[in-house]
Each structure stands twice: as structure tokens, then as C-alpha cells.
$ cat query_35.txt   # compact mmCIF, C-alpha atoms
# COMPACT_ATOMS: atom_id res chain seq x y z
CA MET E 799 146.70 64.83 105.33
CA ASN E 800 148.19 65.44 108.76
CA PRO E 801 150.40 62.48 109.88
CA ASN E 802 148.60 62.40 113.24
CA LYS E 803 145.20 62.03 111.52
CA ARG E 804 146.56 59.31 109.24
CA PHE E 805 147.93 57.37 112.18
CA VAL E 806 144.72 57.79 114.19
CA ARG E 807 142.73 56.40 111.23
CA LEU E 808 145.11 53.43 111.05
CA ILE E 809 144.73 52.87 114.81
CA ILE E 810 140.94 52.89 114.46
CA ALA E 811 141.04 50.41 111.56
CA VAL E 812 143.40 48.02 113.37
CA SER E 813 141.41 48.36 116.61
CA ILE E 814 138.23 47.29 114.81
CA LEU E 815 139.81 44.56 112.68
CA ILE E 816 141.58 42.69 115.51
CA PRO E 817 138.50 41.99 117.67
CA LEU E 818 136.48 41.04 114.59
CA VAL E 819 139.06 38.48 113.49
CA VAL E 820 139.36 37.05 117.01
CA ALA E 821 135.55 36.84 117.36
CA ILE E 822 135.27 34.97 114.07
CA LEU E 823 138.02 32.57 115.15
CA MET E 824 136.20 31.81 118.41
CA VAL E 825 133.28 30.24 116.54
CA LEU E 826 135.39 27.95 114.38
CA PRO E 827 135.22 24.24 115.23
CA ASN E 828 138.15 22.64 116.99
CA ASP E 829 139.87 20.60 114.32
CA ASP E 830 143.37 20.14 115.75
CA THR E 831 142.84 16.43 116.35
CA ASN E 832 146.59 15.74 116.38
CA ASN E 833 147.16 18.42 119.06
CA ARG E 834 149.96 19.90 116.96
CA TYR E 835 149.45 23.27 118.59
CA ALA E 836 148.82 22.16 122.18
CA PHE E 837 151.98 23.98 123.31
CA LEU E 838 150.74 27.40 122.18
CA PRO E 839 148.45 28.28 125.13
CA GLN E 840 151.42 27.87 127.47
CA PHE E 841 153.54 29.98 125.09
CA HIS E 842 150.81 32.64 125.14
CA ALA E 843 150.81 32.69 128.94
CA LEU E 844 154.60 33.06 128.89
CA LEU E 845 154.33 35.98 126.47
CA ASN E 846 151.70 37.63 128.66
CA GLY E 847 153.83 37.15 131.77
CA LEU E 848 156.92 38.57 130.07
CA THR E 849 154.88 41.50 128.79
CA ALA E 850 153.70 42.26 132.34
CA ILE E 851 157.31 42.19 133.55
CA ALA E 852 158.43 44.50 130.72
CA LEU E 853 155.59 46.92 131.51
CA ILE E 854 156.42 47.03 135.21
CA LEU E 855 160.12 47.54 134.46
CA GLY E 856 159.23 50.30 132.00
CA PHE E 857 157.09 51.99 134.64
CA TYR E 858 159.89 51.71 137.19
CA TRP E 859 162.44 53.14 134.76
CA ILE E 860 160.32 56.12 133.74
CA LYS E 861 159.66 56.93 137.40
CA ASN E 862 163.45 56.95 137.85
CA LYS E 863 163.94 59.12 134.74
CA GLN E 864 165.72 56.37 132.80
CA ILE E 865 163.97 57.24 129.54
CA ASP E 866 166.08 55.00 127.28
CA LEU E 867 165.41 51.92 129.41
CA HIS E 868 161.72 52.88 129.64
CA LYS E 869 161.49 53.12 125.86
CA LYS E 870 163.21 49.75 125.38
CA ALA E 871 160.95 48.06 127.94
CA MET E 872 157.78 49.48 126.39
CA LEU E 873 158.82 48.59 122.86
CA GLY E 874 159.71 45.13 124.17
CA ALA E 875 156.25 44.85 125.75
CA PHE E 876 154.70 45.92 122.45
CA ALA E 877 156.78 43.36 120.52
CA LEU E 878 155.82 40.57 122.95
CA SER E 879 152.14 41.53 122.74
CA SER E 880 152.35 41.60 118.94
CA ILE E 881 153.92 38.13 118.85
CA PHE E 882 151.19 36.99 121.24
CA LEU E 883 148.44 38.37 119.01
CA VAL E 884 149.78 36.76 115.83
CA SER E 885 150.30 33.43 117.60
CA TYR E 886 146.88 33.63 119.28
CA VAL E 887 145.15 34.22 115.94
CA PHE E 888 147.16 31.37 114.37
CA TYR E 889 146.28 29.04 117.27
CA HIS E 890 142.55 29.75 117.16
CA PHE E 891 142.46 29.60 113.37
CA ASN E 892 143.85 26.08 113.61
CA THR E 893 142.12 24.83 116.75
CA GLY E 894 138.88 26.75 117.25
CA HIS E 895 137.58 27.44 120.75
CA THR E 896 138.16 25.34 123.87
CA PRO E 897 135.24 25.57 126.35
CA TYR E 898 135.75 26.04 130.08
CA GLU E 899 134.37 23.05 132.01
CA GLY E 900 134.87 24.19 135.61
CA GLU E 901 131.90 23.99 137.97
CA GLY E 902 130.68 25.77 141.07
CA GLY E 903 131.84 29.13 142.36
CA ILE E 904 135.15 28.99 140.52
CA ARG E 905 133.18 29.14 137.25
CA TYR E 906 131.89 32.61 138.20
CA VAL E 907 135.40 33.75 139.10
CA TYR E 908 136.71 32.46 135.77
CA PHE E 909 134.01 34.17 133.73
CA PHE E 910 134.43 37.46 135.61
CA ILE E 911 138.16 37.39 134.86
CA LEU E 912 137.58 36.29 131.26
CA ILE E 913 134.92 38.90 130.49
CA THR E 914 136.90 41.79 131.99
CA HIS E 915 140.01 40.50 130.21
CA ILE E 916 138.24 40.43 126.83
CA ILE E 917 136.63 43.85 127.19
CA LEU E 918 139.85 45.49 128.32
CA ALA E 919 141.93 43.61 125.71
CA ILE E 920 139.73 45.17 123.04
CA ALA E 921 139.99 48.62 124.63
CA ILE E 922 143.75 48.44 125.11
CA VAL E 923 144.67 48.04 121.43
CA PRO E 924 144.05 51.66 120.37
CA MET E 925 145.42 52.94 123.69
CA VAL E 926 148.72 51.06 123.26
CA LEU E 927 149.08 52.10 119.64
CA LEU E 928 148.39 55.74 120.46
CA SER E 929 150.73 55.67 123.49
CA ILE E 930 153.55 54.26 121.42
CA TYR E 931 152.94 56.67 118.56
CA ARG E 932 152.93 59.66 120.89
CA GLY E 933 156.08 58.44 122.64
CA LEU E 934 157.99 57.74 119.43
CA THR E 935 157.02 61.09 117.90
CA ASN E 936 158.17 62.89 121.05
CA GLN E 937 154.70 64.23 121.92
CA VAL E 938 155.68 63.90 125.56
CA GLU E 939 152.68 65.53 127.28
CA ALA E 940 150.15 63.71 125.06
CA HIS E 941 152.10 60.48 125.63
CA LYS E 942 151.98 60.94 129.41
CA ARG E 943 148.21 61.57 129.38
CA ILE E 944 147.35 58.42 127.42
CA ALA E 945 150.06 56.27 129.04
CA LYS E 946 148.68 56.95 132.55
CA LYS E 947 145.44 55.28 131.44
CA THR E 948 147.05 52.65 129.21
CA PHE E 949 149.55 51.25 131.69
CA PRO E 950 147.21 49.84 134.40
CA ILE E 951 144.81 48.40 131.83
CA TRP E 952 147.62 46.78 129.82
CA VAL E 953 149.09 45.25 132.99
CA TYR E 954 145.65 43.95 133.98
CA VAL E 955 145.13 42.39 130.54
CA THR E 956 148.51 40.65 130.61
CA ILE E 957 148.10 39.29 134.14
CA THR E 958 144.53 38.12 133.52
CA GLY E 959 145.77 36.51 130.31
CA VAL E 960 148.02 34.33 132.44
CA LEU E 961 145.15 33.62 134.85
CA VAL E 962 142.82 32.61 132.00
CA TYR E 963 145.49 30.17 130.82
CA LEU E 964 145.80 28.69 134.32
CA PHE E 965 142.03 28.23 134.54
CA MET E 966 141.92 26.65 131.05
CA ARG E 967 145.03 24.51 131.37
CA PRO E 968 143.19 21.27 132.24
CA TYR E 969 141.02 21.57 129.11
CA TYR E 970 143.70 22.05 126.48
CA GLY E 971 144.52 19.03 124.31

$ encode --input "query_35.txt" --output "C-alpha cells"
Amino acid sequence: MNPNKRFVRLIIAVSILIPLVVAILMVLPNDDTNNRYAFLPQFHALLNGLTAIALILGFYWIKNKQIDLHKKAMLGAFALSSIFLVSYVFYHFNTGHTPYEGEGGIRYVYFFILITHIILAIAIVPMVLLSIYRGLTNQVEAHKRIAKKTFPIWVYVTITGVLVYLFMRPYYG
């Protein structure tokens, strides 16, 4: 089988599995009564913020034809996002879901940000994986096409990840 087809199948499988696992974790009861993992939401926000910085630096460096620095920044962003995902799954496996308790107009703002964040976070997984694959396999034109769509969505997801944390901060253990 063609390596591209194999990798695309893997991307599809991972892209389906991740949202399913996260959705299942969201319905688990909160059982972290000792608040052992109360530091993790702040850690997740830090990872999201650092990912956004790495993405913006990578964008800057590719625009200035500094391909090596671009590659390092994007792989760094991918590594930070991967650490985030593993930690996020671990956190929600151990704590369940924390409800948002804000009231009034701010509640609508929060849910707009949250819903767009979730939808785009699901969509970004295959886009990131395909962008990285195309970049690492030196499929430059294909990489450019997907990366132009991936970059703004990935930045949005990381920044809204930080915003979701800031909205939820008062409700974490």
C-alpha cells in the first residue's frame, strides 16, 4: 500500500478516536475529591498559550524564509499540543466534567467560544497531522495548501483554549 494512503488512514483513525475518547470523558462523574489534579487546567492553558506562540513564530519564520526555524517551531507546537491532549485526557479521566456557572450575557459569550473551540479542535486534528506529514515528507506544495487552512484554525483553537480556561477558572477545585 502507498505510504500516503497508509498515513491518511492512520490520520482518519486518530481523528475519530480522539473526539470519541474526549466525549466519553466529559460524561464521567467528578471524583477528584482531594483536588489532586487542580493544577492541570492552568497547565493546559499554559500549553495552549505556548503553542500559540510557537505557531506565530513558525508563521513569521516561514514568511522570512527561515525554513529550519519554521520546522522547529511547528514541531514544537505539535509536541506542546500532544502533551496537552494526553494531559487533558488524563485530567478528565480522573476528574470528570466541571460545569460553567456564569450567568447573564457572559454565559452566551462563553458558550459561543466553547462551542467554536470544540468544533474547530475536532477539525484541526486531521489538518495538523496532514500538514506535518506533508512538511516532513517534503511535499512542499501540498504542505502549503493544507497549512494555509490549518494555521489560522490551530491558532484560534489554542487562543480560545486559554480563554475557556479563564472563564472556567473560578469553578475549578

$ residues_around --input "query_35.txt" --residues "region 837-843 of chain E" --least-positions-apart "4" --cutoff "8 Å" --atoms "only C-alpha atoms" --output "compact mmCIF listing (two decimals) with C-alpha atoms, in the coordinates of the input"
# COMPACT_ATOMS: atom_id res chain seq x y z
CA GLY E 847 153.83 37.15 131.77
CA PHE E 882 151.19 36.99 121.24
CA SER E 885 150.30 33.43 117.60
CA TYR E 886 146.88 33.63 119.28
CA TYR E 889 146.28 29.04 117.27
CA GLY E 959 145.77 36.51 130.31
CA VAL E 960 148.02 34.33 132.44
CA TYR E 963 145.49 30.17 130.82
CA TYR E 970 143.70 22.05 126.48

$ residues_around --input "query_35.txt" --residues "region 938-952 of chain E" --least-positions-apart "6" --cutoff "6 Å" --atoms "all atoms listed in the file" --output "MDAnalysis selection string"
chainID E and resid 925 929 932

$ residues_near_point --input "query_35.txt" --point "(140.5, 41.3, 118.8)" --cutoff "12 Å" --atoms "all atoms listed in the file" --output "NGL selection string"
:E and (811-824 or 880 or 882-884 or 886-887 or 890 or 915-924)

$ atom_distance --input "query_35.txt" --atom1 "CA of Ala836 (chain E)" --atom2 "CA of Pro968 (chain E)"
11.6 Å

$ atom_distance --input "query_35.txt" --atom1 "CA of Gly856 (chain E)" --atom2 "CA of Met872 (chain E)"
5.9 Å

$ closest_residue --input "query_35.txt" --among "E:Val926, E:Leu934, E:Leu808, E:Leu961" --to "Lys870 (chain E)" --atoms "only C-alpha atoms"
E:Leu934

$ build_atoms --input "query_35.txt" --residues "region 841-852 of chain E" --atoms "all heavy atoms" --output "mmCIF file, in the frame of the given file"
data_model
loop_
_atom_site.group_PDB
_atom_site.id
_atom_site.type_symbol
_atom_site.label_atom_id
_atom_site.label_comp_id
_atom_site.auth_asym_id
_atom_site.auth_seq_id
_atom_site.Cartn_x
_atom_site.Cartn_y
_atom_site.Cartn_z
ATOM 1 N N PHE E 841 152.695 28.945 125.699
ATOM 2 C CA PHE E 841 153.540 29.980 125.090
ATOM 3 C C PHE E 841 152.860 31.344 125.224
ATOM 4 O O PHE E 841 153.509 32.339 125.554
ATOM 5 C CB PHE E 841 153.801 29.619 123.623
ATOM 6 C CG PHE E 841 154.587 30.650 122.858
ATOM 7 C CD1 PHE E 841 155.887 30.974 123.217
ATOM 8 C CD2 PHE E 841 154.024 31.284 121.761
ATOM 9 C CE1 PHE E 841 156.618 31.920 122.501
ATOM 10 C CE2 PHE E 841 154.737 32.222 121.033
ATOM 11 C CZ PHE E 841 156.034 32.550 121.413
ATOM 12 N N HIS E 842 151.548 31.385 125.016
ATOM 13 C CA HIS E 842 150.810 32.640 125.140
ATOM 14 C C HIS E 842 150.856 33.169 126.570
ATOM 15 O O HIS E 842 151.005 34.379 126.796
ATOM 16 C CB HIS E 842 149.360 32.460 124.679
ATOM 17 C CG HIS E 842 149.255 32.060 123.245
ATOM 18 N ND1 HIS E 842 148.206 31.347 122.755
ATOM 19 C CD2 HIS E 842 150.093 32.273 122.190
ATOM 20 C CE1 HIS E 842 148.389 31.124 121.466
ATOM 21 N NE2 HIS E 842 149.532 31.681 121.109
ATOM 22 N N ALA E 843 150.724 32.278 127.535
ATOM 23 C CA ALA E 843 150.810 32.690 128.940
ATOM 24 C C ALA E 843 152.201 33.229 129.252
ATOM 25 O O ALA E 843 152.342 34.238 129.957
ATOM 26 C CB ALA E 843 150.459 31.520 129.855
ATOM 27 N N LEU E 844 153.220 32.585 128.710
ATOM 28 C CA LEU E 844 154.600 33.060 128.890
ATOM 29 C C LEU E 844 154.757 34.458 128.302
ATOM 30 O O LEU E 844 155.325 35.356 128.943
ATOM 31 C CB LEU E 844 155.589 32.085 128.251
ATOM 32 C CG LEU E 844 157.049 32.523 128.255
ATOM 33 C CD1 LEU E 844 157.581 32.586 129.684
ATOM 34 C CD2 LEU E 844 157.885 31.579 127.396
ATOM 35 N N LEU E 845 154.247 34.657 127.093
ATOM 36 C CA LEU E 845 154.330 35.980 126.470
ATOM 37 C C LEU E 845 153.611 37.028 127.300
ATOM 38 O O LEU E 845 154.117 38.139 127.488
ATOM 39 C CB LEU E 845 153.752 35.945 125.046
ATOM 40 C CG LEU E 845 154.562 35.194 123.994
ATOM 41 C CD1 LEU E 845 153.765 35.058 122.708
ATOM 42 C CD2 LEU E 845 155.899 35.883 123.745
ATOM 43 N N ASN E 846 152.444 36.691 127.818
ATOM 44 C CA ASN E 846 151.700 37.630 128.660
ATOM 45 C C ASN E 846 152.477 37.949 129.940
ATOM 46 O O ASN E 846 152.547 39.104 130.366
ATOM 47 C CB ASN E 846 150.318 37.078 129.002
ATOM 48 C CG ASN E 846 149.291 37.449 127.973
ATOM 49 O OD1 ASN E 846 149.210 38.594 127.544
ATOM 50 N ND2 ASN E 846 148.481 36.483 127.577
ATOM 51 N N GLY E 847 153.043 36.926 130.549
ATOM 52 C CA GLY E 847 153.830 37.150 131.770
ATOM 53 C C GLY E 847 155.049 38.020 131.515
ATOM 54 O O GLY E 847 155.346 38.942 132.287
ATOM 55 N N LEU E 848 155.748 37.754 130.421
ATOM 56 C CA LEU E 848 156.920 38.570 130.070
ATOM 57 C C LEU E 848 156.521 40.000 129.735
ATOM 58 O O LEU E 848 157.248 40.946 130.072
ATOM 59 C CB LEU E 848 157.676 37.928 128.895
ATOM 60 C CG LEU E 848 158.370 36.604 129.196
ATOM 61 C CD1 LEU E 848 158.933 35.990 127.912
ATOM 62 C CD2 LEU E 848 159.469 36.796 130.243
ATOM 63 N N THR E 849 155.369 40.154 129.092
ATOM 64 C CA THR E 849 154.880 41.500 128.790
ATOM 65 C C THR E 849 154.603 42.262 130.086
ATOM 66 O O THR E 849 154.974 43.439 130.213
ATOM 67 C CB THR E 849 153.604 41.440 127.923
ATOM 68 O OG1 THR E 849 153.904 40.749 126.709
ATOM 69 C CG2 THR E 849 153.091 42.833 127.595
ATOM 70 N N ALA E 850 153.973 41.609 131.053
ATOM 71 C CA ALA E 850 153.700 42.260 132.340
ATOM 72 C C ALA E 850 155.003 42.701 133.005
ATOM 73 O O ALA E 850 155.093 43.823 133.531
ATOM 74 C CB ALA E 850 152.917 41.317 133.253
ATOM 75 N N ILE E 851 156.009 41.847 132.963
ATOM 76 C CA ILE E 851 157.310 42.190 133.550
ATOM 77 C C ILE E 851 157.923 43.392 132.828
ATOM 78 O O ILE E 851 158.413 44.334 133.469
ATOM 79 C CB ILE E 851 158.258 40.978 133.531
ATOM 80 C CG1 ILE E 851 157.757 39.915 134.503
ATOM 81 C CG2 ILE E 851 159.696 41.391 133.860
ATOM 82 C CD1 ILE E 851 158.419 38.554 134.353
ATOM 83 N N ALA E 852 157.881 43.383 131.494
ATOM 84 C CA ALA E 852 158.430 44.500 130.720
ATOM 85 C C ALA E 852 157.693 45.803 131.041
ATOM 86 O O ALA E 852 158.315 46.866 131.180
ATOM 87 C CB ALA E 852 158.352 44.196 129.221
#
